[in-house]
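Undergrad: input_19.cif is reproduced below (mmCIF, C-alpha atoms and all ligand atoms).
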data_work
loop_
_atom_site.label_atom_id
_atom_site.label_comp_id
_atom_site.auth_asym_id
_atom_site.auth_seq_id
_atom_site.Cartn_x
_atom_site.Cartn_y
_atom_site.Cartn_z
CA MET A 1 0.00 0.00 0.00
CA LEU A 2 1.09 3.52 -0.81
CA ALA A 3 2.39 5.47 2.22
CA LEU A 4 0.29 8.61 2.46
CA PRO A 5 0.65 11.21 5.20
CA ASP A 6 -1.86 11.07 8.06
CA PHE A 7 -4.89 13.21 7.44
CA PRO A 8 -4.06 15.74 10.15
CA TRP A 9 -7.45 17.41 10.59
CA ASP A 10 -8.57 14.67 12.99
CA ARG A 11 -6.10 16.10 15.49
CA LEU A 12 -8.06 19.33 15.54
CA VAL A 13 -11.29 17.67 16.77
CA PRO A 14 -10.67 18.23 20.53
CA TYR A 15 -10.08 21.94 19.85
CA GLN A 16 -13.19 22.06 17.71
CA ASP A 17 -15.15 20.68 20.68
CA LEU A 18 -13.57 23.30 22.94
CA ALA A 19 -14.41 26.14 20.51
CA ARG A 20 -17.97 24.85 20.08
CA ALA A 21 -18.49 25.06 23.85
CA HIS A 22 -18.11 28.85 23.73
CA PRO A 23 -21.43 30.49 24.70
CA GLY A 24 -21.42 32.54 21.48
CA GLY A 25 -20.75 29.45 19.36
CA MET A 26 -17.65 28.58 17.35
CA VAL A 27 -16.00 30.92 14.86
CA ASP A 28 -14.42 28.51 12.40
CA LEU A 29 -11.35 30.11 10.79
CA SER A 30 -9.58 26.79 10.29
CA VAL A 31 -10.44 26.12 6.66
CA GLY A 32 -10.48 28.24 3.51
CA THR A 33 -13.91 27.22 2.33
CA PRO A 34 -16.12 29.96 0.82
CA VAL A 35 -19.24 30.90 2.79
CA ASP A 36 -20.80 33.59 0.57
CA PRO A 37 -23.35 32.87 -2.16
CA VAL A 38 -22.52 31.47 -5.59
CA PRO A 39 -22.95 34.46 -7.95
CA PRO A 40 -26.25 34.55 -9.88
CA VAL A 41 -24.34 34.67 -13.20
CA ALA A 42 -23.03 31.17 -12.40
CA ARG A 43 -26.32 29.70 -11.23
CA GLU A 44 -28.11 30.95 -14.34
CA ALA A 45 -25.48 29.49 -16.67
CA LEU A 46 -25.54 26.19 -14.74
CA ALA A 47 -29.32 25.97 -14.95
CA ALA A 48 -29.36 26.87 -18.65
CA ALA A 49 -26.96 23.97 -19.32
CA ALA A 50 -28.77 21.50 -17.05
CA ASP A 51 -30.03 19.42 -19.99
CA SER A 52 -26.64 17.92 -20.88
CA PRO A 53 -27.21 14.23 -21.66
CA GLY A 54 -24.04 13.64 -23.67
CA TYR A 55 -20.47 13.25 -22.50
CA PRO A 56 -18.67 16.55 -22.01
CA LEU A 57 -15.38 17.33 -23.74
CA THR A 58 -12.30 16.62 -21.64
CA TYR A 59 -10.69 19.53 -23.49
CA GLY A 60 -13.61 21.78 -22.50
CA THR A 61 -15.86 23.75 -24.81
CA PRO A 62 -14.19 26.39 -27.01
CA ARG A 63 -16.31 28.92 -25.11
CA LEU A 64 -14.77 27.86 -21.78
CA ARG A 65 -11.20 27.89 -23.08
CA GLU A 66 -11.72 31.30 -24.69
CA ALA A 67 -13.17 32.65 -21.42
CA ALA A 68 -10.13 31.37 -19.49
CA ALA A 69 -7.69 32.89 -22.00
CA GLY A 70 -9.69 36.14 -21.93
CA TRP A 71 -9.57 36.29 -18.13
CA LEU A 72 -5.81 35.67 -18.07
CA ARG A 73 -5.31 38.47 -20.59
CA ARG A 74 -7.72 40.96 -19.01
CA ARG A 75 -6.86 40.46 -15.36
CA HIS A 76 -3.31 39.17 -15.39
CA GLY A 77 -1.57 40.46 -18.51
CA VAL A 78 -0.99 36.88 -19.69
CA THR A 79 -1.42 35.86 -23.32
CA VAL A 80 -2.26 32.22 -23.97
CA ASP A 81 -3.97 30.69 -26.95
CA PRO A 82 -7.34 29.16 -25.95
CA SER A 83 -6.00 25.87 -27.31
CA ASP A 84 -3.43 25.91 -24.49
CA VAL A 85 -6.06 25.83 -21.74
CA LEU A 86 -7.41 22.62 -20.19
CA PRO A 87 -10.24 22.48 -17.63
CA THR A 88 -9.76 20.54 -14.40
CA ILE A 89 -12.24 19.28 -11.81
CA GLY A 90 -11.16 21.90 -9.28
CA SER A 91 -7.42 22.33 -8.92
CA LYS A 92 -6.80 19.88 -6.08
CA GLU A 93 -7.16 16.86 -8.35
CA LEU A 94 -4.61 18.31 -10.75
CA VAL A 95 -2.20 19.08 -7.92
CA ALA A 96 -2.56 15.52 -6.68
CA TRP A 97 -2.21 13.88 -10.09
CA LEU A 98 0.13 16.18 -12.02
CA PRO A 99 3.33 14.22 -11.30
CA THR A 100 1.58 11.02 -12.41
CA LEU A 101 0.03 12.64 -15.51
CA LEU A 102 3.42 14.04 -16.52
CA GLY A 103 5.11 10.67 -16.11
CA VAL A 104 7.33 11.54 -13.14
CA ARG A 105 9.15 8.33 -12.27
CA PRO A 106 9.60 6.52 -8.97
CA GLY A 107 12.58 7.82 -7.06
CA GLU A 108 12.61 11.23 -8.75
CA ARG A 109 12.16 14.25 -6.52
CA VAL A 110 9.18 16.58 -6.79
CA VAL A 111 10.04 19.94 -5.26
CA PHE A 112 7.58 22.22 -3.44
CA PRO A 113 7.77 24.99 -0.82
CA GLU A 114 8.82 24.27 2.74
CA LEU A 115 5.51 25.61 4.04
CA ALA A 116 2.89 24.35 1.64
CA TYR A 117 -0.53 23.04 0.81
CA PRO A 118 -0.19 19.33 1.69
CA THR A 119 -1.38 18.03 -1.69
CA TYR A 120 1.98 18.69 -3.45
CA ASP A 121 3.49 16.07 -1.15
CA VAL A 122 0.59 13.69 -1.77
CA GLY A 123 0.95 14.13 -5.55
CA ALA A 124 4.60 13.18 -5.43
CA ARG A 125 3.76 10.06 -3.42
CA LEU A 126 0.91 9.02 -5.74
CA ALA A 127 3.46 8.94 -8.57
CA GLY A 128 5.85 6.89 -6.42
CA ALA A 129 8.21 9.88 -6.44
CA GLU A 130 10.00 11.52 -3.52
CA PRO A 131 8.37 14.61 -2.00
CA TYR A 132 11.02 17.27 -1.35
CA ALA A 133 10.06 20.42 0.54
CA THR A 134 12.57 23.23 0.19
CA ASP A 135 12.72 26.95 -0.42
CA GLY A 136 16.34 26.75 -1.51
CA LEU A 137 16.66 25.24 -4.96
CA LEU A 138 20.41 25.72 -4.77
CA ALA A 139 20.48 22.99 -2.09
CA LEU A 140 19.63 20.51 -4.86
CA GLY A 141 23.01 21.13 -6.48
CA PRO A 142 23.31 19.72 -9.99
CA GLU A 143 20.51 17.16 -9.45
CA ARG A 144 17.92 17.07 -12.24
CA VAL A 145 14.35 17.13 -10.99
CA PRO A 146 11.26 16.67 -13.16
CA LEU A 147 8.88 19.08 -11.44
CA VAL A 148 9.01 22.15 -9.20
CA TRP A 149 5.89 23.62 -7.61
CA VAL A 150 5.58 27.27 -6.70
CA ASN A 151 2.56 28.79 -4.98
CA SER A 152 2.11 32.54 -4.94
CA PRO A 153 0.17 33.89 -3.09
CA SER A 154 1.01 31.09 -0.71
CA ASN A 155 -1.20 28.87 1.30
CA PRO A 156 -0.57 29.01 4.28
CA THR A 157 1.55 32.17 4.59
CA GLY A 158 -0.01 34.62 2.12
CA ARG A 159 3.47 35.40 0.85
CA VAL A 160 3.74 36.78 -2.67
CA LEU A 161 6.74 35.86 -4.82
CA PRO A 162 7.86 38.89 -6.83
CA ALA A 163 8.40 38.55 -10.61
CA GLU A 164 12.15 38.60 -10.10
CA HIS A 165 12.04 35.64 -7.72
CA LEU A 166 9.80 33.64 -10.08
CA ARG A 167 12.09 34.50 -12.99
CA LYS A 168 15.02 32.97 -11.12
CA VAL A 169 13.05 29.80 -10.41
CA VAL A 170 12.11 29.54 -14.11
CA ALA A 171 15.73 30.10 -15.20
CA TRP A 172 16.96 27.48 -12.72
CA ALA A 173 14.36 24.98 -13.94
CA ARG A 174 15.05 25.65 -17.60
CA GLU A 175 18.74 24.94 -17.16
CA ARG A 176 17.78 21.49 -15.88
CA GLY A 177 14.83 20.73 -18.11
CA ALA A 178 12.46 20.81 -15.09
CA ILE A 179 8.82 21.74 -15.41
CA VAL A 180 7.59 24.60 -13.21
CA ALA A 181 3.98 24.24 -12.09
CA SER A 182 2.68 27.42 -10.53
CA ASP A 183 -0.37 27.10 -8.29
CA GLU A 184 -2.08 30.48 -8.69
CA CYS A 185 -5.43 29.82 -7.04
CA TYR A 186 -5.23 33.01 -4.90
CA ILE A 187 -3.90 35.28 -7.65
CA GLU A 188 -6.86 37.66 -7.59
CA LEU A 189 -6.53 38.25 -3.86
CA GLY A 190 -3.51 40.54 -3.60
CA TRP A 191 -3.77 43.08 -0.74
CA GLU A 192 -0.52 44.91 -0.02
CA GLU A 193 1.24 43.17 -2.89
CA HIS A 194 0.32 42.36 -6.45
CA PRO A 195 0.72 38.67 -7.39
CA VAL A 196 2.07 37.86 -10.83
CA SER A 197 1.56 34.73 -12.92
CA VAL A 198 4.42 32.49 -13.99
CA LEU A 199 3.11 32.98 -17.55
CA HIS A 200 3.49 36.78 -17.38
CA PRO A 201 6.18 38.10 -19.76
CA ASP A 202 8.06 39.68 -16.80
CA VAL A 203 8.56 36.15 -15.45
CA CYS A 204 8.71 33.82 -18.43
CA GLU A 205 10.40 36.27 -20.82
CA GLY A 206 8.02 35.46 -23.63
CA SER A 207 8.20 31.65 -23.63
CA HIS A 208 5.82 29.26 -21.89
CA GLU A 209 8.09 26.31 -22.48
CA ASN A 210 8.01 23.92 -19.51
CA LEU A 211 5.62 26.18 -17.58
CA LEU A 212 2.12 25.43 -16.31
CA ALA A 213 -0.14 27.81 -14.42
CA VAL A 214 -2.82 26.14 -12.30
CA HIS A 215 -5.98 28.14 -11.61
CA SER A 216 -9.09 27.65 -9.53
CA LEU A 217 -12.50 29.30 -9.47
CA SER A 218 -13.15 28.09 -5.91
CA LYS A 219 -12.07 31.25 -4.14
CA ARG A 220 -12.63 33.90 -6.80
CA SER A 221 -16.21 32.90 -7.55
CA ASN A 222 -17.32 30.93 -4.44
CA PHE A 223 -17.15 27.86 -6.64
CA ALA A 224 -15.60 25.27 -4.34
CA GLY A 225 -18.79 23.19 -4.54
CA TYR A 226 -18.82 23.29 -8.34
CA ARG A 227 -15.25 21.90 -8.68
CA ALA A 228 -13.80 24.07 -11.42
CA GLY A 229 -10.28 25.02 -12.35
CA PHE A 230 -7.97 24.97 -15.32
CA VAL A 231 -4.36 24.59 -16.29
CA ALA A 232 -2.69 26.68 -19.00
CA GLY A 233 0.76 27.10 -20.45
CA ASP A 234 3.23 25.10 -22.52
CA PRO A 235 1.26 23.73 -25.53
CA ARG A 236 3.25 20.51 -25.53
CA LEU A 237 2.49 19.81 -21.86
CA VAL A 238 -1.17 20.80 -22.18
CA ARG A 239 -1.51 18.38 -25.14
CA ARG A 240 0.07 15.61 -23.11
CA LEU A 241 -2.19 16.25 -20.11
CA LEU A 242 -5.21 16.29 -22.40
CA GLU A 243 -4.26 12.95 -23.91
CA VAL A 244 -3.88 11.22 -20.54
CA ARG A 245 -6.93 12.89 -19.00
CA LYS A 246 -9.09 11.80 -21.95
CA HIS A 247 -8.10 8.20 -21.35
CA ALA A 248 -8.63 8.56 -17.61
CA GLY A 249 -12.10 10.18 -17.85
CA MET A 250 -11.04 13.35 -16.06
CA MET A 251 -13.65 15.67 -17.48
CA MET A 252 -15.45 18.66 -16.05
CA PRO A 253 -19.26 18.19 -16.16
CA ALA A 254 -20.89 20.15 -19.02
CA PRO A 255 -23.12 22.38 -16.82
CA VAL A 256 -20.08 23.28 -14.72
CA GLN A 257 -18.18 24.13 -17.92
CA ALA A 258 -20.95 26.55 -18.85
CA ALA A 259 -21.02 28.12 -15.39
CA THR A 260 -17.22 28.40 -15.32
CA ALA A 261 -17.16 30.22 -18.66
CA ALA A 262 -19.80 32.62 -17.35
CA VAL A 263 -17.86 33.51 -14.18
CA LEU A 264 -14.58 33.88 -16.05
CA ASP A 265 -16.26 36.43 -18.32
CA ASP A 266 -17.64 38.39 -15.37
CA ASP A 267 -15.44 40.53 -13.10
CA ALA A 268 -18.19 42.33 -11.16
CA HIS A 269 -18.99 39.41 -8.84
CA ALA A 270 -15.29 38.72 -8.25
CA ASP A 271 -14.67 42.36 -7.28
CA GLU A 272 -17.63 42.22 -4.93
CA GLN A 273 -16.30 39.05 -3.29
CA ARG A 274 -12.84 40.58 -3.01
CA GLU A 275 -14.36 43.51 -1.13
CA ARG A 276 -16.01 41.14 1.34
CA TYR A 277 -12.69 39.50 2.11
CA ALA A 278 -10.91 42.87 2.27
CA ARG A 279 -13.36 44.03 4.94
CA ARG A 280 -12.99 40.87 7.02
CA ARG A 281 -9.23 41.05 6.81
CA ALA A 282 -9.24 44.75 7.71
CA VAL A 283 -10.96 44.06 11.05
CA LEU A 284 -9.40 40.72 11.93
CA ARG A 285 -5.75 41.56 11.37
CA PRO A 286 -5.59 44.60 13.70
CA ALA A 287 -7.70 42.76 16.29
CA LEU A 288 -5.11 39.96 16.37
CA GLU A 289 -2.27 42.45 16.57
CA ARG A 290 -3.92 44.35 19.41
CA ALA A 291 -4.28 41.03 21.24
CA GLY A 292 -0.51 40.46 20.98
CA TRP A 293 -0.26 38.33 17.85
CA ARG A 294 2.28 39.03 15.15
CA VAL A 295 1.04 38.56 11.58
CA GLU A 296 3.76 37.66 9.08
CA HIS A 297 3.70 37.74 5.26
CA SER A 298 -0.07 37.58 4.60
CA ALA A 299 0.18 40.25 1.88
CA ALA A 300 -2.30 38.31 -0.26
CA GLY A 301 -4.70 35.40 -0.21
CA LEU A 302 -7.23 34.23 2.32
CA TYR A 303 -5.08 33.57 5.38
CA LEU A 304 -3.32 35.40 8.18
CA TRP A 305 -0.11 33.64 9.17
CA ALA A 306 0.19 34.54 12.83
CA THR A 307 2.11 33.78 16.01
CA ASP A 308 2.03 34.75 19.66
CA GLY A 309 5.51 33.29 20.16
CA THR A 310 4.38 29.94 21.65
CA GLY A 311 4.01 26.57 19.90
CA CYS A 312 1.27 26.17 17.30
CA TRP A 313 -0.84 23.78 19.38
CA ASP A 314 -0.74 26.14 22.39
CA GLN A 315 -1.92 28.88 20.06
CA VAL A 316 -4.70 26.69 18.71
CA ARG A 317 -5.80 26.02 22.28
CA ALA A 318 -5.61 29.69 23.34
CA LEU A 319 -7.87 30.69 20.45
CA ALA A 320 -10.20 27.69 20.87
CA GLU A 321 -10.76 28.83 24.47
CA ARG A 322 -12.19 32.01 22.96
CA GLY A 323 -14.30 29.93 20.61
CA ILE A 324 -12.08 30.57 17.57
CA LEU A 325 -10.85 27.55 15.61
CA VAL A 326 -7.67 27.95 13.53
CA ALA A 327 -5.22 25.58 11.86
CA PRO A 328 -1.84 24.78 13.45
CA GLY A 329 1.07 25.80 11.22
CA GLU A 330 2.51 22.30 11.56
CA PHE A 331 -0.14 21.03 9.10
CA TYR A 332 1.81 22.83 6.37
CA GLY A 333 5.30 21.62 7.25
CA GLY A 334 7.69 21.46 10.20
CA ALA A 335 8.69 25.11 9.67
CA GLY A 336 5.14 26.06 10.71
CA ARG A 337 5.47 24.80 14.30
CA GLY A 338 5.45 28.32 15.75
CA HIS A 339 2.49 29.69 13.77
CA VAL A 340 -1.20 29.30 13.14
CA ARG A 341 -3.12 29.86 9.92
CA ILE A 342 -6.21 31.99 10.35
CA ALA A 343 -8.66 32.03 7.43
CA ILE A 344 -10.71 35.12 6.60
CA THR A 345 -13.42 32.94 5.06
CA ALA A 346 -16.18 33.34 7.63
CA THR A 347 -19.29 35.47 7.46
CA ASP A 348 -19.11 39.12 8.57
CA GLU A 349 -21.10 38.19 11.66
CA ARG A 350 -18.65 35.43 12.66
CA VAL A 351 -15.59 37.57 11.91
CA ASP A 352 -17.03 40.37 14.06
CA ALA A 353 -17.64 37.83 16.83
CA ALA A 354 -13.95 36.79 16.62
CA VAL A 355 -12.89 40.44 16.77
CA SER A 356 -14.88 41.10 19.92
CA ARG A 357 -13.56 37.92 21.57
CA LEU A 358 -9.98 38.98 20.88
CA GLN A 359 -10.46 42.25 22.79
C1 LIG A 401 -2.71 26.27 -2.58
C2 LIG A 401 -3.95 25.58 -2.97
N1 LIG A 401 -3.99 24.91 -4.13
C3 LIG A 401 -5.08 24.26 -4.54
C4 LIG A 401 -6.22 24.26 -3.78
C5 LIG A 401 -7.41 23.47 -4.27
O1 LIG A 401 -8.49 24.22 -4.58
P1 LIG A 401 -9.67 23.67 -5.49
O2 LIG A 401 -9.51 22.20 -5.62
O3 LIG A 401 -10.90 24.04 -4.78
O4 LIG A 401 -9.52 24.37 -6.80
C6 LIG A 401 -6.25 24.93 -2.56
C7 LIG A 401 -7.46 24.90 -1.73
O5 LIG A 401 -7.57 25.48 -0.70
C8 LIG A 401 -5.08 25.62 -2.15
O6 LIG A 401 -5.03 26.28 -1.00
#
Kindly return the structure encoded in the file as structure tokens.

TA:
Amino acid sequence: MLALPDFPWDRLVPYQDLARAHPGGMVDLSVGTPVDPVPPVAREALAAAADSPGYPLTYGTPRLREAAAGWLRRRHGVTVDPSDVLPTIGSKELVAWLPTLLGVRPGERVVFPELAYPTYDVGARLAGAEPYATDGLLALGPERVPLVWVNSPSNPTGRVLPAEHLRKVVAWARERGAIVASDECYIELGWEEHPVSVLHPDVCEGSHENLLAVHSLSKRSNFAGYRAGFVAGDPRLVRRLLEVRKHAGMMMPAPVQAATAAVLDDDAHADEQRERYARRRAVLRPALERAGWRVEHSAAGLYLWATDGTGCWDQVRALAERGILVAPGEFYGGAGRGHVRIAITATDERVDAAVSRLQ
């Protein structure tokens, strides 16, 4: 049997019970799941495409791929041909299966950030490869690796990698023939800093060779329940992924394809959602700081990466005693032992409750 990491969330259950016992009820800031409504533009498109008896295209409808390319151009200054876009069933499945789909071989090392979304590690293991968490590519020396993940803005830290940093990663990878997969699911949620795509000319210097950008509609459009994302970039890699995914039946349902195209074409709902998160962040961050917590990085995305100087589990307990549930930094790698991840994905009412409990 494949050795997979323990699913760590079970360890949070006692703290969940503690937080639930608070007279004002629990404020759950432990997960980044959207809580606001699915935008009407999506529901209408989904309903209009409800009569979809035939198999959907693994490649996605031309309308969906054009909408994705249009969004990348309009919002992120990235030019891709619609033929170099491939829909995915949310982005988690692609993160988990990318090493396998690309033919990474047992024993090879898949590189990802030291503090990271746990699925990069899982994806390496599913391919029989070696997960390797590091922020220092130079430590790899002359070793050739097949795949390097970057994630900006980061889950869990909210750190943004500037174009110059990403350019160095791309140059390093190109020298070794490595593929760079850039998980950009929080790209529209820059606060103090402006996230840039790996496919932007300032990073890739005009060539998408060996580059893949991975996108998700979950956060931008409150779409986590619809399961919609896409991957775009190097035409050769996109073709290869398409070929394998066709054989494997990895296709986005047709009504979801229609709804995804509709939300990618519409910026108004995304701006509205961004404003909701901006407001929640604007009250929660200073409340934490006033209560003696230090917030680090967190310049973008949906999380505050915070510490009160004690160990992460002590911090989880201290907040659970106030009825606030957060995630211990350890879930994202050993380097997170002194931090907690606090999501801003709760309703205004719950965020305000957290603010008053922190006073
Ligand atoms: C860094 C990162 N990548 C990928 C995902 C997966 O998102 P989804 O599968 O909803 O697109 C998440 C979800 O929280 C995430 O934080």

Undergrad: Here is a test: counting only C-alpha atoms, which residue of A:Ala300, A:Ala178, A:Val196, A:Leu137 is nearest to A:Leu166?

TA: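 Using only C-alpha atoms, A:Leu166 sits closest to A:Val196.
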
Undergrad: Which residue gives the smallest distance to A:Ala343 among A:Tyr303, A:Phe223, A:Trp172, A:Trp9, with all atoms listed in the file counted?

TA: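 Nearest to A:Ala343: A:Tyr303.
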
Undergrad: Throw together the list of residues within 9 Å of ligand LIG 401 (chain A), counting all atoms listed in the file, and drop it here as a ChimeraX atom specification.

TA: /A:31-33,88-95,116-120,151-156,183-186,214-219,223-230,302

Undergrad: A:Val283, A:Val263, A:Ala163, A:Val85: which is nearest A:Gly60, counting all atoms listed in the file?

TA: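 Checking each of A:Val283, A:Val263, A:Ala163, A:Val85 against A:Gly60, counting all atoms listed in the file, the winner is A:Val85.
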
Undergrad: Which value, in Å to one decimal, gives the distance between atom CA of A:Val238 and atom CA of A:Pro56?

TA: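 One can read the atom CA of A:Val238 to atom CA of A:Pro56 distance as 18.0 Å.
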
Undergrad: Restricting the calculation to only C-alpha atoms: of A:Glu275, A:Glu143, A:Glu108, A:Glu296, which residue gets closest to A:Gly190?

TA: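 Under the stated criterion, the closest residue is A:Glu275.
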
Undergrad: With a distance cut-off of 7 Å and all atoms listed in the file, select the neighbouring residues of stretch 305-309 of chain A, excluding the residue or stretch itself and same-chain residues fewer than 4 positions from it, and output the selection as a count of residues only.

TA: 14

Undergrad: Around the point (10.4, 33.9, -18.9), in the coordinates given by the file, pick out the residues reaching within 12 Å, counting only C-alpha atoms, and return them as a VMD selection string.

TA: chain A and resid 78 163 to 174 180 197 to 211 233 to 234

Undergrad: Hey, can you check how far atom CA of A:Gly334 sits from atom CA of A:Arg285?

TA: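 Atom CA of A:Arg285 lies 24.2 Å from atom CA of A:Gly334.
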
Undergrad: Pick out the closest residue to A:Val80 from this set: A:Leu138, A:Leu288, A:Ala67, A:Ala181. Count only C-alpha atoms.

TA: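 Once distances to A:Val80 are computed over only C-alpha atoms, the minimum belongs to A:Ala67.
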
Undergrad: One number please: atom CA of A:Leu46 to atom CA of A:Pro255, in Å, one decimal.

TA: 5.0 Å

Undergrad: Of the candidates A:Asp271, A:Ser30, A:Ala3, A:Ala248, which shows the shortest atom-to-atom distance to A:Leu126, using all atoms listed in the file?

TA: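 Of the candidates, the smallest distance to A:Leu126 is held by A:Ala3.
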